[in-house]
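See below for query_38.pdb, which holds PDB, C-alpha atoms, pLDDT in the B column.
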```
ATOM      1  CA  GLY A  30      -0.259   9.893   7.761  1.00 84.00           C
ATOM      2  CA  THR A  31       1.319  12.887   9.489  1.00 93.00           C
ATOM      3  CA  LYS A  32       4.493  12.599  11.554  1.00 93.00           C
ATOM      4  CA  LYS A  33       2.538  12.891  14.809  1.00 96.00           C
ATOM      5  CA  ASP A  34      -0.077  10.336  13.786  1.00 96.00           C
ATOM      6  CA  SER A  35       2.617   7.918  12.630  1.00 97.00           C
ATOM      7  CA  TRP A  36       4.429   7.920  15.966  1.00 98.00           C
ATOM      8  CA  ASP A  37       1.219   8.020  18.020  1.00 98.00           C
ATOM      9  CA  ILE A  38      -0.345   5.052  16.174  1.00 97.00           C
ATOM     10  CA  ASP A  39       2.225   3.000  14.260  1.00 98.00           C
ATOM     11  CA  TYR A  40       4.633   3.116  17.188  1.00 98.00           C
ATOM     12  CA  GLN A  41       3.051   4.044  20.525  1.00 98.00           C
ATOM     13  CA  ALA A  42      -0.438   2.561  20.124  1.00 98.00           C
ATOM     14  CA  THR A  43       1.024  -0.670  18.755  1.00 98.00           C
ATOM     15  CA  LEU A  44       3.492  -0.781  21.627  1.00 98.00           C
ATOM     16  CA  ASN A  45       0.547  -0.387  24.001  1.00 98.00           C
ATOM     17  CA  CYS A  46      -1.045  -3.445  22.348  1.00 98.00           C
ATOM     18  CA  LEU A  47       2.130  -5.451  22.883  1.00 98.00           C
ATOM     19  CA  GLU A  48       2.277  -4.475  26.544  1.00 98.00           C
ATOM     20  CA  ALA A  49      -1.400  -5.367  26.987  1.00 98.00           C
ATOM     21  CA  ALA A  50      -0.744  -8.738  25.329  1.00 97.00           C
ATOM     22  CA  ARG A  51       2.078  -9.411  27.768  1.00 96.00           C
ATOM     23  CA  GLU A  52      -0.112  -8.554  30.749  1.00 96.00           C
ATOM     24  CA  ALA A  53      -2.851 -10.845  29.420  1.00 97.00           C
ATOM     25  CA  GLY A  54      -0.407 -13.740  29.133  1.00 97.00           C
ATOM     26  CA  ALA A  55      -0.290 -13.901  25.347  1.00 97.00           C
ATOM     27  CA  ARG A  56       2.355 -16.236  23.952  1.00 95.00           C
ATOM     28  CA  HIS A  57       2.545 -15.001  20.354  1.00 96.00           C
ATOM     29  CA  PHE A  58       2.178 -11.554  18.756  1.00 97.00           C
ATOM     30  CA  VAL A  59       1.402 -11.156  15.036  1.00 98.00           C
ATOM     31  CA  LEU A  60       2.257  -7.741  13.608  1.00 98.00           C
ATOM     32  CA  LEU A  61       0.769  -6.530  10.339  1.00 98.00           C
ATOM     33  CA  SER A  62       3.500  -4.172   9.176  1.00 98.00           C
ATOM     34  CA  ALA A  63       4.232  -3.066   5.590  1.00 98.00           C
ATOM     35  CA  TYR A  64       6.614  -4.039   2.822  1.00 98.00           C
ATOM     36  CA  CYS A  65       7.715  -0.425   2.476  1.00 98.00           C
ATOM     37  CA  VAL A  66       9.271  -0.516   5.967  1.00 98.00           C
ATOM     38  CA  ARG A  67      12.358  -1.856   4.240  1.00 97.00           C
ATOM     39  CA  SER A  68      12.997   1.732   3.099  1.00 97.00           C
ATOM     40  CA  ALA A  69      13.393   2.852   6.703  1.00 98.00           C
ATOM     41  CA  GLU A  70      15.453  -0.259   7.379  1.00 97.00           C
ATOM     42  CA  LEU A  71      17.834   0.703   4.560  1.00 96.00           C
ATOM     43  CA  LYS A  72      17.626   4.440   5.359  1.00 95.00           C
ATOM     44  CA  HIS A  73      16.383   5.134   1.854  1.00 94.00           C
ATOM     45  CA  PRO A  74      16.401   8.889   1.011  1.00 91.00           C
ATOM     46  CA  TYR A  75      12.660   8.794   0.321  1.00 93.00           C
ATOM     47  CA  ALA A  76      11.793   6.873   3.512  1.00 97.00           C
ATOM     48  CA  LEU A  77       8.698   8.229   5.269  1.00 97.00           C
ATOM     49  CA  GLN A  78       7.848   9.028   8.879  1.00 97.00           C
ATOM     50  CA  PHE A  79       5.291   6.229   9.198  1.00 97.00           C
ATOM     51  CA  GLN A  80       7.883   3.755   7.902  1.00 98.00           C
ATOM     52  CA  TYR A  81      10.370   4.843  10.558  1.00 98.00           C
ATOM     53  CA  ALA A  82       7.637   4.573  13.195  1.00 98.00           C
ATOM     54  CA  LYS A  83       6.708   1.050  12.079  1.00 98.00           C
ATOM     55  CA  LYS A  84      10.367   0.030  11.997  1.00 98.00           C
ATOM     56  CA  ALA A  85      10.913   1.426  15.503  1.00 98.00           C
ATOM     57  CA  PHE A  86       8.115  -0.791  16.799  1.00 98.00           C
ATOM     58  CA  GLU A  87       9.432  -3.804  14.883  1.00 98.00           C
ATOM     59  CA  ASP A  88      12.754  -3.253  16.671  1.00 98.00           C
ATOM     60  CA  LYS A  89      10.974  -3.169  20.041  1.00 98.00           C
ATOM     61  CA  LEU A  90       9.104  -6.363  19.218  1.00 98.00           C
ATOM     62  CA  THR A  91      12.147  -8.302  18.042  1.00 98.00           C
ATOM     63  CA  ALA A  92      14.238  -7.145  21.015  1.00 98.00           C
ATOM     64  CA  GLN A  93      11.861  -8.452  23.699  1.00 96.00           C
ATOM     65  CA  GLU A  94      11.741 -12.106  24.776  1.00 95.00           C
ATOM     66  CA  ASP A  95       8.416 -12.330  26.644  1.00 95.00           C
ATOM     67  CA  VAL A  96       6.357 -13.412  23.630  1.00 97.00           C
ATOM     68  CA  SER A  97       7.244 -14.925  20.274  1.00 97.00           C
ATOM     69  CA  TYR A  98       6.278 -12.946  17.195  1.00 98.00           C
ATOM     70  CA  SER A  99       5.588 -12.974  13.455  1.00 98.00           C
ATOM     71  CA  ILE A 100       5.939  -9.841  11.360  1.00 98.00           C
ATOM     72  CA  ILE A 101       4.065  -9.705   8.043  1.00 98.00           C
ATOM     73  CA  ARG A 102       4.930  -7.014   5.529  1.00 98.00           C
ATOM     74  CA  PRO A 103       2.354  -7.029   2.692  1.00 98.00           C
ATOM     75  CA  THR A 104       3.184  -5.205  -0.526  1.00 98.00           C
ATOM     76  CA  ALA A 105      -0.213  -3.547  -0.996  1.00 96.00           C
ATOM     77  CA  PHE A 106      -3.910  -4.323  -0.748  1.00 93.00           C
ATOM     78  CA  PHE A 107      -6.058  -4.640  -3.869  1.00 93.00           C
ATOM     79  CA  LYS A 108      -8.197  -1.686  -2.811  1.00 86.00           C
ATOM     80  CA  SER A 109      -5.064   0.470  -2.632  1.00 86.00           C
ATOM     81  CA  VAL A 110      -4.533   0.223  -6.381  1.00 88.00           C
ATOM     82  CA  SER A 111      -8.058  -0.141  -7.781  1.00 89.00           C
ATOM     83  CA  GLY A 112      -9.447   3.345  -7.271  1.00 86.00           C
ATOM     84  CA  GLN A 113      -9.475   4.431 -10.917  1.00 91.00           C
ATOM     85  CA  LEU A 114     -11.884   1.834 -12.297  1.00 92.00           C
ATOM     86  CA  GLU A 115     -14.847   4.179 -11.920  1.00 90.00           C
ATOM     87  CA  VAL A 116     -12.989   7.025 -13.600  1.00 89.00           C
ATOM     88  CA  VAL A 117     -11.943   4.913 -16.572  1.00 94.00           C
ATOM     89  CA  ASN A 118     -15.481   3.579 -16.888  1.00 93.00           C
ATOM     90  CA  SER A 119     -16.764   7.154 -17.170  1.00 92.00           C
ATOM     91  CA  GLY A 120     -14.467   7.794 -20.148  1.00 94.00           C
ATOM     92  CA  ALA A 121     -11.572   9.578 -18.432  1.00 95.00           C
ATOM     93  CA  PRO A 122      -7.984   8.362 -18.894  1.00 97.00           C
ATOM     94  CA  PHE A 123      -6.132   6.121 -16.457  1.00 96.00           C
ATOM     95  CA  VAL A 124      -3.577   8.336 -14.696  1.00 96.00           C
ATOM     96  CA  TYR A 125      -0.125   7.081 -13.772  1.00 97.00           C
ATOM     97  CA  PHE A 126       3.171   8.700 -12.839  1.00 97.00           C
ATOM     98  CA  ASP A 127       5.749   8.442 -15.594  1.00 98.00           C
ATOM     99  CA  LEU A 128       9.221   7.582 -14.296  1.00 98.00           C
ATOM    100  CA  GLY A 129      10.691   8.199 -17.740  1.00 96.00           C
ATOM    101  CA  GLY A 130      10.095   6.624 -21.113  1.00 94.00           C
ATOM    102  CA  GLY A 131       6.570   5.581 -20.185  1.00 93.00           C
ATOM    103  CA  THR A 132       7.736   3.377 -17.287  1.00 96.00           C
ATOM    104  CA  SER A 133       5.891   3.203 -13.978  1.00 98.00           C
ATOM    105  CA  ALA A 134       6.060   1.510 -10.595  1.00 97.00           C
ATOM    106  CA  THR A 135       5.264  -2.201 -10.387  1.00 97.00           C
ATOM    107  CA  CYS A 136       3.481  -4.189  -7.705  1.00 97.00           C
ATOM    108  CA  ASN A 137       1.900  -7.537  -6.863  1.00 98.00           C
ATOM    109  CA  PRO A 138      -0.769  -6.643  -4.284  1.00 97.00           C
ATOM    110  CA  ILE A 139      -2.547  -9.232  -2.173  1.00 98.00           C
ATOM    111  CA  SER A 140      -6.275  -9.652  -1.534  1.00 97.00           C
ATOM    112  CA  GLU A 141      -7.569  -9.090   1.978  1.00 95.00           C
ATOM    113  CA  PRO A 142      -8.923 -12.673   2.354  1.00 96.00           C
ATOM    114  CA  ASP A 143      -5.579 -14.104   1.229  1.00 98.00           C
ATOM    115  CA  LEU A 144      -3.738 -11.842   3.657  1.00 97.00           C
ATOM    116  CA  ALA A 145      -6.046 -12.912   6.498  1.00 97.00           C
ATOM    117  CA  ALA A 146      -5.294 -16.566   5.704  1.00 97.00           C
ATOM    118  CA  ALA A 147      -1.565 -15.817   5.697  1.00 97.00           C
ATOM    119  CA  ILE A 148      -1.840 -14.206   9.131  1.00 96.00           C
ATOM    120  CA  ILE A 149      -3.487 -17.344  10.483  1.00 95.00           C
ATOM    121  CA  ASP A 150      -0.766 -19.446   8.872  1.00 94.00           C
ATOM    122  CA  THR A 151       1.912 -17.589  10.810  1.00 94.00           C
ATOM    123  CA  ILE A 152       0.331 -18.866  14.013  1.00 92.00           C
ATOM    124  CA  ALA A 153       0.123 -22.483  12.833  1.00 90.00           C
ATOM    125  CA  ASP A 154       3.504 -22.658  11.074  1.00 94.00           C
ATOM    126  CA  PRO A 155       6.517 -22.944  13.434  1.00 94.00           C
ATOM    127  CA  ALA A 156       8.773 -21.750  10.600  1.00 94.00           C
ATOM    128  CA  ARG A 157       7.123 -18.314  10.813  1.00 96.00           C
ATOM    129  CA  LYS A 158       7.968 -17.925  14.498  1.00 96.00           C
ATOM    130  CA  ASN A 159      10.242 -14.951  15.250  1.00 98.00           C
ATOM    131  CA  SER A 160      10.519 -14.021  11.580  1.00 97.00           C
ATOM    132  CA  VAL A 161       9.705 -11.294   9.079  1.00 98.00           C
ATOM    133  CA  TRP A 162       7.625 -12.311   6.056  1.00 98.00           C
ATOM    134  CA  ASN A 163       7.540  -9.995   3.046  1.00 98.00           C
ATOM    135  CA  LEU A 164       4.327 -10.925   1.278  1.00 98.00           C
ATOM    136  CA  GLY A 165       2.695 -10.236  -2.069  1.00 98.00           C
ATOM    137  CA  GLY A 166      -0.090 -11.851  -4.044  1.00 98.00           C
ATOM    138  CA  PRO A 167       0.217 -14.596  -6.687  1.00 98.00           C
ATOM    139  CA  ASP A 168       0.774 -12.233  -9.647  1.00 97.00           C
ATOM    140  CA  GLU A 169       4.180 -11.834 -11.259  1.00 95.00           C
ATOM    141  CA  GLY A 170       3.916  -8.098 -10.848  1.00 94.00           C
ATOM    142  CA  MET A 171       2.165  -5.503 -12.923  1.00 96.00           C
ATOM    143  CA  SER A 172       3.103  -1.908 -13.720  1.00 97.00           C
ATOM    144  CA  MET A 173       0.558   0.883 -13.425  1.00 96.00           C
ATOM    145  CA  VAL A 174       0.544   1.126 -17.220  1.00 97.00           C
ATOM    146  CA  GLN A 175      -0.323  -2.571 -17.458  1.00 97.00           C
ATOM    147  CA  GLN A 176      -3.062  -2.099 -14.877  1.00 97.00           C
ATOM    148  CA  GLY A 177      -4.562   0.728 -16.914  1.00 97.00           C
ATOM    149  CA  GLU A 178      -4.578  -1.464 -20.012  1.00 97.00           C
ATOM    150  CA  MET A 179      -6.122  -4.344 -18.072  1.00 97.00           C
ATOM    151  CA  ILE A 180      -8.915  -2.191 -16.658  1.00 97.00           C
ATOM    152  CA  ALA A 181      -9.766  -0.932 -20.135  1.00 97.00           C
ATOM    153  CA  ASP A 182      -9.919  -4.512 -21.400  1.00 97.00           C
ATOM    154  CA  ILE A 183     -12.151  -5.651 -18.538  1.00 97.00           C
ATOM    155  CA  LEU A 184     -14.515  -2.729 -19.112  1.00 96.00           C
ATOM    156  CA  GLY A 185     -14.734  -3.516 -22.815  1.00 96.00           C
ATOM    157  CA  LYS A 186     -12.922  -0.399 -24.017  1.00 96.00           C
ATOM    158  CA  GLU A 187     -11.574  -0.620 -27.555  1.00 94.00           C
ATOM    159  CA  LYS A 188      -8.330   1.037 -26.500  1.00 95.00           C
ATOM    160  CA  ALA A 189      -6.798   2.029 -23.174  1.00 97.00           C
ATOM    161  CA  SER A 190      -6.590   5.774 -22.581  1.00 97.00           C
ATOM    162  CA  LEU A 191      -3.513   6.467 -20.452  1.00 97.00           C
ATOM    163  CA  LEU A 192      -2.234   9.756 -19.049  1.00 97.00           C
ATOM    164  CA  GLY A 193       1.363   9.761 -17.823  1.00 97.00           C
ATOM    165  CA  VAL A 194       2.160  12.556 -15.362  1.00 97.00           C
ATOM    166  CA  PRO A 195       5.909  13.342 -15.005  1.00 97.00           C
ATOM    167  CA  ILE A 196       7.177  12.191 -11.611  1.00 97.00           C
ATOM    168  CA  GLY A 197       9.075  15.470 -11.222  1.00 97.00           C
ATOM    169  CA  ILE A 198       5.828  17.247 -10.388  1.00 97.00           C
ATOM    170  CA  PHE A 199       6.080  15.773  -6.886  1.00 97.00           C
ATOM    171  CA  ASP A 200       9.438  17.458  -6.292  1.00 97.00           C
ATOM    172  CA  VAL A 201       7.945  20.836  -7.148  1.00 97.00           C
ATOM    173  CA  ILE A 202       4.949  20.275  -4.854  1.00 97.00           C
ATOM    174  CA  VAL A 203       6.865  18.788  -1.920  1.00 98.00           C
ATOM    175  CA  ASP A 204       9.720  21.292  -2.053  1.00 98.00           C
ATOM    176  CA  GLY A 205       7.286  24.201  -2.296  1.00 98.00           C
ATOM    177  CA  LEU A 206       5.183  23.026   0.651  1.00 98.00           C
ATOM    178  CA  GLN A 207       8.264  22.333   2.759  1.00 98.00           C
ATOM    179  CA  PHE A 208       9.716  25.773   1.974  1.00 98.00           C
ATOM    180  CA  PHE A 209       6.610  27.559   3.218  1.00 98.00           C
ATOM    181  CA  ALA A 210       6.248  25.180   6.166  1.00 98.00           C
ATOM    182  CA  ASP A 211       9.765  26.070   7.310  1.00 98.00           C
ATOM    183  CA  LEU A 212       9.264  29.758   6.566  1.00 98.00           C
ATOM    184  CA  PHE A 213       6.035  30.096   8.537  1.00 98.00           C
ATOM    185  CA  LYS A 214       6.636  27.275  11.044  1.00 97.00           C
ATOM    186  CA  ASN A 215       3.281  25.901   9.965  1.00 97.00           C
ATOM    187  CA  GLU A 216       2.316  22.367  11.038  1.00 96.00           C
ATOM    188  CA  GLY A 217      -0.463  22.122   8.455  1.00 97.00           C
ATOM    189  CA  LEU A 218       1.952  22.826   5.617  1.00 98.00           C
ATOM    190  CA  GLU A 219       4.437  20.386   7.131  1.00 97.00           C
ATOM    191  CA  ASN A 220       1.758  17.695   7.130  1.00 97.00           C
ATOM    192  CA  ALA A 221       0.829  18.526   3.539  1.00 97.00           C
ATOM    193  CA  ALA A 222       4.476  18.154   2.517  1.00 97.00           C
ATOM    194  CA  GLU A 223       4.581  14.731   4.186  1.00 96.00           C
ATOM    195  CA  PHE A 224       1.463  13.623   2.315  1.00 96.00           C
ATOM    196  CA  GLY A 225       3.184  14.744  -0.860  1.00 96.00           C
ATOM    197  CA  ARG A 226       6.212  12.638   0.051  1.00 97.00           C
ATOM    198  CA  ILE A 227       3.924   9.646   0.564  1.00 96.00           C
ATOM    199  CA  GLY A 228       2.437  10.113  -2.903  1.00 95.00           C
ATOM    200  CA  ARG A 229       5.882  10.466  -4.432  1.00 97.00           C
ATOM    201  CA  TYR A 230       7.157   7.373  -2.657  1.00 97.00           C
ATOM    202  CA  TYR A 231       4.424   5.079  -3.959  1.00 96.00           C
ATOM    203  CA  ALA A 232       4.744   6.536  -7.446  1.00 96.00           C
ATOM    204  CA  LEU A 233       8.482   5.753  -7.446  1.00 96.00           C
ATOM    205  CA  GLU A 234       8.888   2.511  -5.555  1.00 97.00           C
ATOM    206  CA  ASP A 235       8.026  -1.013  -6.661  1.00 97.00           C
ATOM    207  CA  MET A 236       5.910  -2.923  -4.137  1.00 98.00           C
ATOM    208  CA  LEU A 237       6.954  -6.277  -5.537  1.00 98.00           C
ATOM    209  CA  THR A 238       7.986  -9.660  -4.180  1.00 98.00           C
ATOM    210  CA  THR A 239       9.715 -12.059  -6.567  1.00 97.00           C
ATOM    211  CA  ASP A 240      10.721 -14.982  -4.342  1.00 97.00           C
ATOM    212  CA  PRO A 241       8.092 -17.771  -4.538  1.00 97.00           C
ATOM    213  CA  SER A 242       8.151 -18.019  -0.733  1.00 97.00           C
ATOM    214  CA  GLU A 243       7.006 -14.389  -0.592  1.00 98.00           C
ATOM    215  CA  LYS A 244       3.937 -14.889  -2.789  1.00 98.00           C
ATOM    216  CA  TYR A 245       0.683 -16.101  -1.314  1.00 98.00           C
ATOM    217  CA  GLY A 246      -2.939 -16.738  -2.180  1.00 97.00           C
ATOM    218  CA  LYS A 247      -4.986 -17.549  -5.255  1.00 96.00           C
ATOM    219  CA  THR A 248      -6.825 -14.351  -6.110  1.00 98.00           C
ATOM    220  CA  THR A 249      -5.182 -12.421  -8.944  1.00 98.00           C
ATOM    221  CA  LEU A 250      -5.452  -8.703  -9.529  1.00 97.00           C
ATOM    222  CA  ARG A 251      -7.414  -9.306 -12.732  1.00 97.00           C
ATOM    223  CA  GLN A 252      -9.964 -11.390 -10.830  1.00 97.00           C
ATOM    224  CA  HIS A 253     -10.333  -8.533  -8.371  1.00 96.00           C
ATOM    225  CA  TYR A 254     -10.926  -5.971 -11.120  1.00 95.00           C
ATOM    226  CA  GLU A 255     -13.421  -8.277 -12.833  1.00 97.00           C
ATOM    227  CA  ARG A 256     -15.336  -8.667  -9.586  1.00 95.00           C
ATOM    228  CA  ILE A 257     -15.559  -4.960  -8.755  1.00 93.00           C
ATOM    229  CA  ALA A 258     -16.495  -4.178 -12.358  1.00 94.00           C
ATOM    230  CA  GLU A 259     -19.568  -6.367 -11.750  1.00 94.00           C
ATOM    231  CA  GLU A 260     -20.283  -5.738  -8.071  1.00 92.00           C
ATOM    232  CA  GLY A 261     -18.885  -2.265  -7.385  1.00 88.00           C
ATOM    233  CA  GLN A 262     -16.694  -1.297  -4.440  1.00 86.00           C
ATOM    234  CA  GLU A 263     -17.039   0.852  -1.365  1.00 80.00           C
ATOM    235  CA  TYR A 264     -15.454   4.296  -1.203  1.00 72.00           C
ATOM    236  CA  ASP A 265     -12.366   4.359   1.018  1.00 72.00           C
ATOM    237  CA  PRO A 266     -10.832   7.801   1.735  1.00 69.00           C
ATOM    238  CA  TYR A 267      -7.594   6.208   2.939  1.00 63.00           C
ATOM    239  CA  THR A 268      -6.705   4.769  -0.482  1.00 65.00           C
ATOM    240  CA  THR A 269      -6.497   6.091  -4.051  1.00 58.00           C
ATOM    241  CA  MET A 270     -10.267   5.595  -4.413  1.00 50.00           C
ATOM    242  CA  PHE A 271     -11.716   8.378  -6.543  1.00 55.00           C
ATOM    243  CA  ALA A 272     -15.376   7.372  -6.312  1.00 52.00           C
ATOM    244  CA  LYS A 273     -17.718   4.570  -5.408  1.00 55.00           C
ATOM    245  CA  ALA A 274     -18.026   2.042  -8.202  1.00 50.00           C
ATOM    246  CA  GLN A 275     -21.549   1.273  -9.254  1.00 56.00           C
ATOM    247  CA  PRO A 276     -22.575  -2.373  -9.663  1.00 58.00           C
ATOM    248  CA  GLY A 277     -22.522  -3.686 -13.196  1.00 58.00           C
ATOM    249  CA  ALA A 278     -19.952  -1.199 -14.516  1.00 55.00           C
ATOM    250  CA  ARG A 279     -18.649  -3.687 -17.065  1.00 57.00           C
ATOM    251  CA  LYS A 280     -22.154  -4.588 -18.248  1.00 52.00           C
ATOM    252  CA  GLN A 281     -23.088  -0.932 -18.595  1.00 52.00           C
ATOM    253  CA  GLU A 282     -19.963  -0.187 -20.636  1.00 51.00           C
ATOM    254  CA  MET A 283     -20.329  -3.171 -22.911  1.00 47.00           C
ATOM    255  CA  SER A 284     -24.031  -2.406 -23.420  1.00 50.00           C
ATOM    256  CA  SER A 285     -23.362   1.238 -24.341  1.00 51.00           C
ATOM    257  CA  SER A 286     -20.680   0.207 -26.855  1.00 51.00           C
ATOM    258  CA  LYS A 287     -23.107  -1.924 -28.882  1.00 49.00           C
TER     259      LYS A 287
END
```

Go ahead and express the file in the form of structure tokens.
Amino acid sequence: GTKKDSWDIDYQATLNCLEAAREAGARHFVLLSAYCVRSAELKHPYALQFQYAKKAFEDKLTAQEDVSYSIIRPTAFFKSVSGQLEVVNSGAPFVYFDLGGGTSATCNPISEPDLAAAIIDTIADPARKNSVWNLGGPDEGMSMVQQGEMIADILGKEKASLLGVPIGIFDVIVDGLQFFADLFKNEGLENAAEFGRIGRYYALEDMLTTDPSEKYGKTTLRQHYERIAEEGQEYDPYTTMFAKAQPGARKQEMSSSK
């Protein structure tokens, strides 16, 4: 989100929750953070405002001694990466950002039910007390190119149609928006530049856990795509969802190809 929203919500509102928990006598606080917070932790040049806001709250949480805590940093949710299924089903290409030579960012997202189970586990497992848990799903990791190929296969396409957009386009967009934001002292343009930085970040950075202790759950990304190809999925404006998937997308595609 915007800089203001990030500090109002990811920092201040979450801090308010911690203070309310203290007043209510809570003994343990579970924080759903994000894997990408490590960029703020390492002061990565592409680190974002919401990452710094989340990290600032993590620091507040770990510094206090009134309640124990568990911090979970998931890589990504399935719905965050599955927004192009409807587009591919309609015949359009799968779009990804090309980092050079046809390469793209890699991730092993986790399903929401698996993440919910992991959150509960942090309460029951003493080893998770006062710790940070980077967490991805059971997959080995899949690039955006591989995801595009997998979606085409699930939908019964003879061949995957992929469109690689050069990553450098983000630099042009972000730098242009920031130039005019500074020139006109315009908050709207500043916010637009930050949204551009968010897009660039997720196009560049791998959201990937490789340590077995940082993988959780049973639902694979392919199983997720197979399910939404049959059942559809709800539109979510806060993810890369382009449209609402209609039930039976795979059946419709396979039927039309006969």

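Of the listed residues A:Ile183, A:Met173, A:Leu144, A:Ile38, the one whose atoms come nearest to Thr132 (chain A) is A:Met173, with distances taken using only C-alpha atoms.
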
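Comparing A:Val161, A:Val59, A:Leu184, A:Val110 by their smallest distance to Tyr98 (chain A), the closest is A:Val59 (using all atoms listed in the file).
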
Sort by chain and increasing residue number a table of all residues of region 42-127 of chain A within 9 Å of region 190-211 of chain A, each with its closest pair of atoms and their distance in Å to one decimal, counting only C-alpha atoms, and write it as a tab-separated table.
```
residue	atom	partner	partner_atom	distance
A:Val117	CA	A:Ser190	CA	8.1
A:Gly120	CA	A:Ser190	CA	8.5
A:Ala121	CA	A:Ser190	CA	7.5
A:Pro122	CA	A:Ser190	CA	4.7
A:Phe123	CA	A:Leu191	CA	4.8
A:Val124	CA	A:Leu192	CA	4.8
A:Tyr125	CA	A:Gly193	CA	5.1
A:Phe126	CA	A:Val194	CA	4.7
A:Asp127	CA	A:Pro195	CA	4.9
```

Residue nearest Ser140 (chain A) among A:Ala63, A:Val116, A:Leu237, A:Leu250 (counting all atoms listed in the file):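 Checking each of A:Ala63, A:Val116, A:Leu237, A:Leu250 against Ser140 (chain A), counting all atoms listed in the file, the winner is A:Leu250.
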
Long-range neighbours of Cys46 (chain A) as a ChimeraX atom specification, 12 Å cut-off, all atoms listed in the file, 6 positions minimum in chain: /A:38-40,52-53,55,58-60,86,90

Neighbour list for Ile227 (chain A) as number ranges by chain, cut-off 9 Å, all atoms listed in the file, skip fewer than 5 positions in-chain: A: 30, 75-77, 222, 232

Surrounding residues of Arg251 (chain A) excluding itself and chain neighbours under 6 positions, 10 Å, all atoms listed in the file, as a VMD selection string: chain A and resid 168 176 179 to 180 183

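Distances here use only C-alpha atoms; by that measure, the residue among A:Arg157, A:Ala105, A:Gly170, A:Asn215 closest to Ser242 (chain A) is A:Arg157.
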
Pick from A:Ala42, A:Leu71, A:Val66, A:Leu218, whichever lies nearest to Ile100 (chain A) using only C-alpha atoms: A:Val66

For CA of Ala221 (chain A) and CA of Thr31 (chain A), the interatomic separation in Å (one decimal):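 Computed distance, CA of Ala221 (chain A) to CA of Thr31 (chain A), equals 8.2 Å.
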
Reference answer for the PyMOL selection byres ((chain A and resi 236) around 12), as number ranges by chain: A: 63-68, 102-106, 109-110, 133-139, 163-166, 168-173, 230-235, 237-239

Mind writing region 229-233 of chain A to a file for me, with all heavy atoms, as a PDB file, in the first residue's frame?
```pdb
ATOM      1  N   ARG A 229       7.535  -3.856  -9.088  1.00  0.00           N
ATOM      2  CA  ARG A 229       8.908  -4.182  -9.481  1.00  0.00           C
ATOM      3  C   ARG A 229       9.544  -5.158  -8.505  1.00  0.00           C
ATOM      4  O   ARG A 229      10.229  -6.105  -8.914  1.00  0.00           O
ATOM      5  CB  ARG A 229       9.748  -2.904  -9.555  1.00  0.00           C
ATOM      6  CG  ARG A 229      11.230  -3.142  -9.880  1.00  0.00           C
ATOM      7  CD  ARG A 229      11.965  -1.839 -10.076  1.00  0.00           C
ATOM      8  NE  ARG A 229      11.950  -1.013  -8.877  1.00  0.00           N
ATOM      9  CZ  ARG A 229      12.418   0.240  -8.838  1.00  0.00           C
ATOM     10  NH1 ARG A 229      12.914   0.797  -9.943  1.00  0.00           N
ATOM     11  NH2 ARG A 229      12.366   0.946  -7.720  1.00  0.00           N
ATOM     12  N   TYR A 230       9.296  -4.952  -7.224  1.00  0.00           N
ATOM     13  CA  TYR A 230       9.886  -5.805  -6.202  1.00  0.00           C
ATOM     14  C   TYR A 230       9.478  -7.261  -6.404  1.00  0.00           C
ATOM     15  O   TYR A 230      10.316  -8.169  -6.422  1.00  0.00           O
ATOM     16  CB  TYR A 230       9.469  -5.339  -4.813  1.00  0.00           C
ATOM     17  CG  TYR A 230      10.024  -6.214  -3.703  1.00  0.00           C
ATOM     18  CD1 TYR A 230      11.254  -5.934  -3.134  1.00  0.00           C
ATOM     19  CD2 TYR A 230       9.321  -7.326  -3.238  1.00  0.00           C
ATOM     20  CE1 TYR A 230      11.787  -6.737  -2.140  1.00  0.00           C
ATOM     21  CE2 TYR A 230       9.843  -8.139  -2.251  1.00  0.00           C
ATOM     22  CZ  TYR A 230      11.076  -7.830  -1.700  1.00  0.00           C
ATOM     23  OH  TYR A 230      11.595  -8.656  -0.725  1.00  0.00           O
ATOM     24  N   TYR A 231       8.181  -7.494  -6.555  1.00  0.00           N
ATOM     25  CA  TYR A 231       7.696  -8.873  -6.671  1.00  0.00           C
ATOM     26  C   TYR A 231       8.036  -9.507  -8.014  1.00  0.00           C
ATOM     27  O   TYR A 231       8.032 -10.731  -8.137  1.00  0.00           O
ATOM     28  CB  TYR A 231       6.200  -8.938  -6.384  1.00  0.00           C
ATOM     29  CG  TYR A 231       5.904  -8.783  -4.914  1.00  0.00           C
ATOM     30  CD1 TYR A 231       5.309  -7.638  -4.414  1.00  0.00           C
ATOM     31  CD2 TYR A 231       6.271  -9.779  -4.015  1.00  0.00           C
ATOM     32  CE1 TYR A 231       5.069  -7.483  -3.060  1.00  0.00           C
ATOM     33  CE2 TYR A 231       6.038  -9.640  -2.654  1.00  0.00           C
ATOM     34  CZ  TYR A 231       5.435  -8.484  -2.187  1.00  0.00           C
ATOM     35  OH  TYR A 231       5.219  -8.344  -0.848  1.00  0.00           O
ATOM     36  N   ALA A 232       8.316  -8.660  -9.016  1.00  0.00           N
ATOM     37  CA  ALA A 232       8.779  -9.197 -10.292  1.00  0.00           C
ATOM     38  C   ALA A 232      10.247  -9.622 -10.214  1.00  0.00           C
ATOM     39  O   ALA A 232      10.676 -10.530 -10.922  1.00  0.00           O
ATOM     40  CB  ALA A 232       8.597  -8.158 -11.393  1.00  0.00           C
ATOM     41  N   LEU A 233      11.007  -8.974  -9.328  1.00  0.00           N
ATOM     42  CA  LEU A 233      12.441  -9.232  -9.210  1.00  0.00           C
ATOM     43  C   LEU A 233      12.803 -10.306  -8.200  1.00  0.00           C
ATOM     44  O   LEU A 233      13.698 -11.131  -8.434  1.00  0.00           O
ATOM     45  CB  LEU A 233      13.169  -7.942  -8.798  1.00  0.00           C
ATOM     46  CG  LEU A 233      13.480  -6.902  -9.860  1.00  0.00           C
ATOM     47  CD1 LEU A 233      13.966  -5.621  -9.197  1.00  0.00           C
ATOM     48  CD2 LEU A 233      14.534  -7.427 -10.821  1.00  0.00           C
TER      49      LEU A 233
END
```
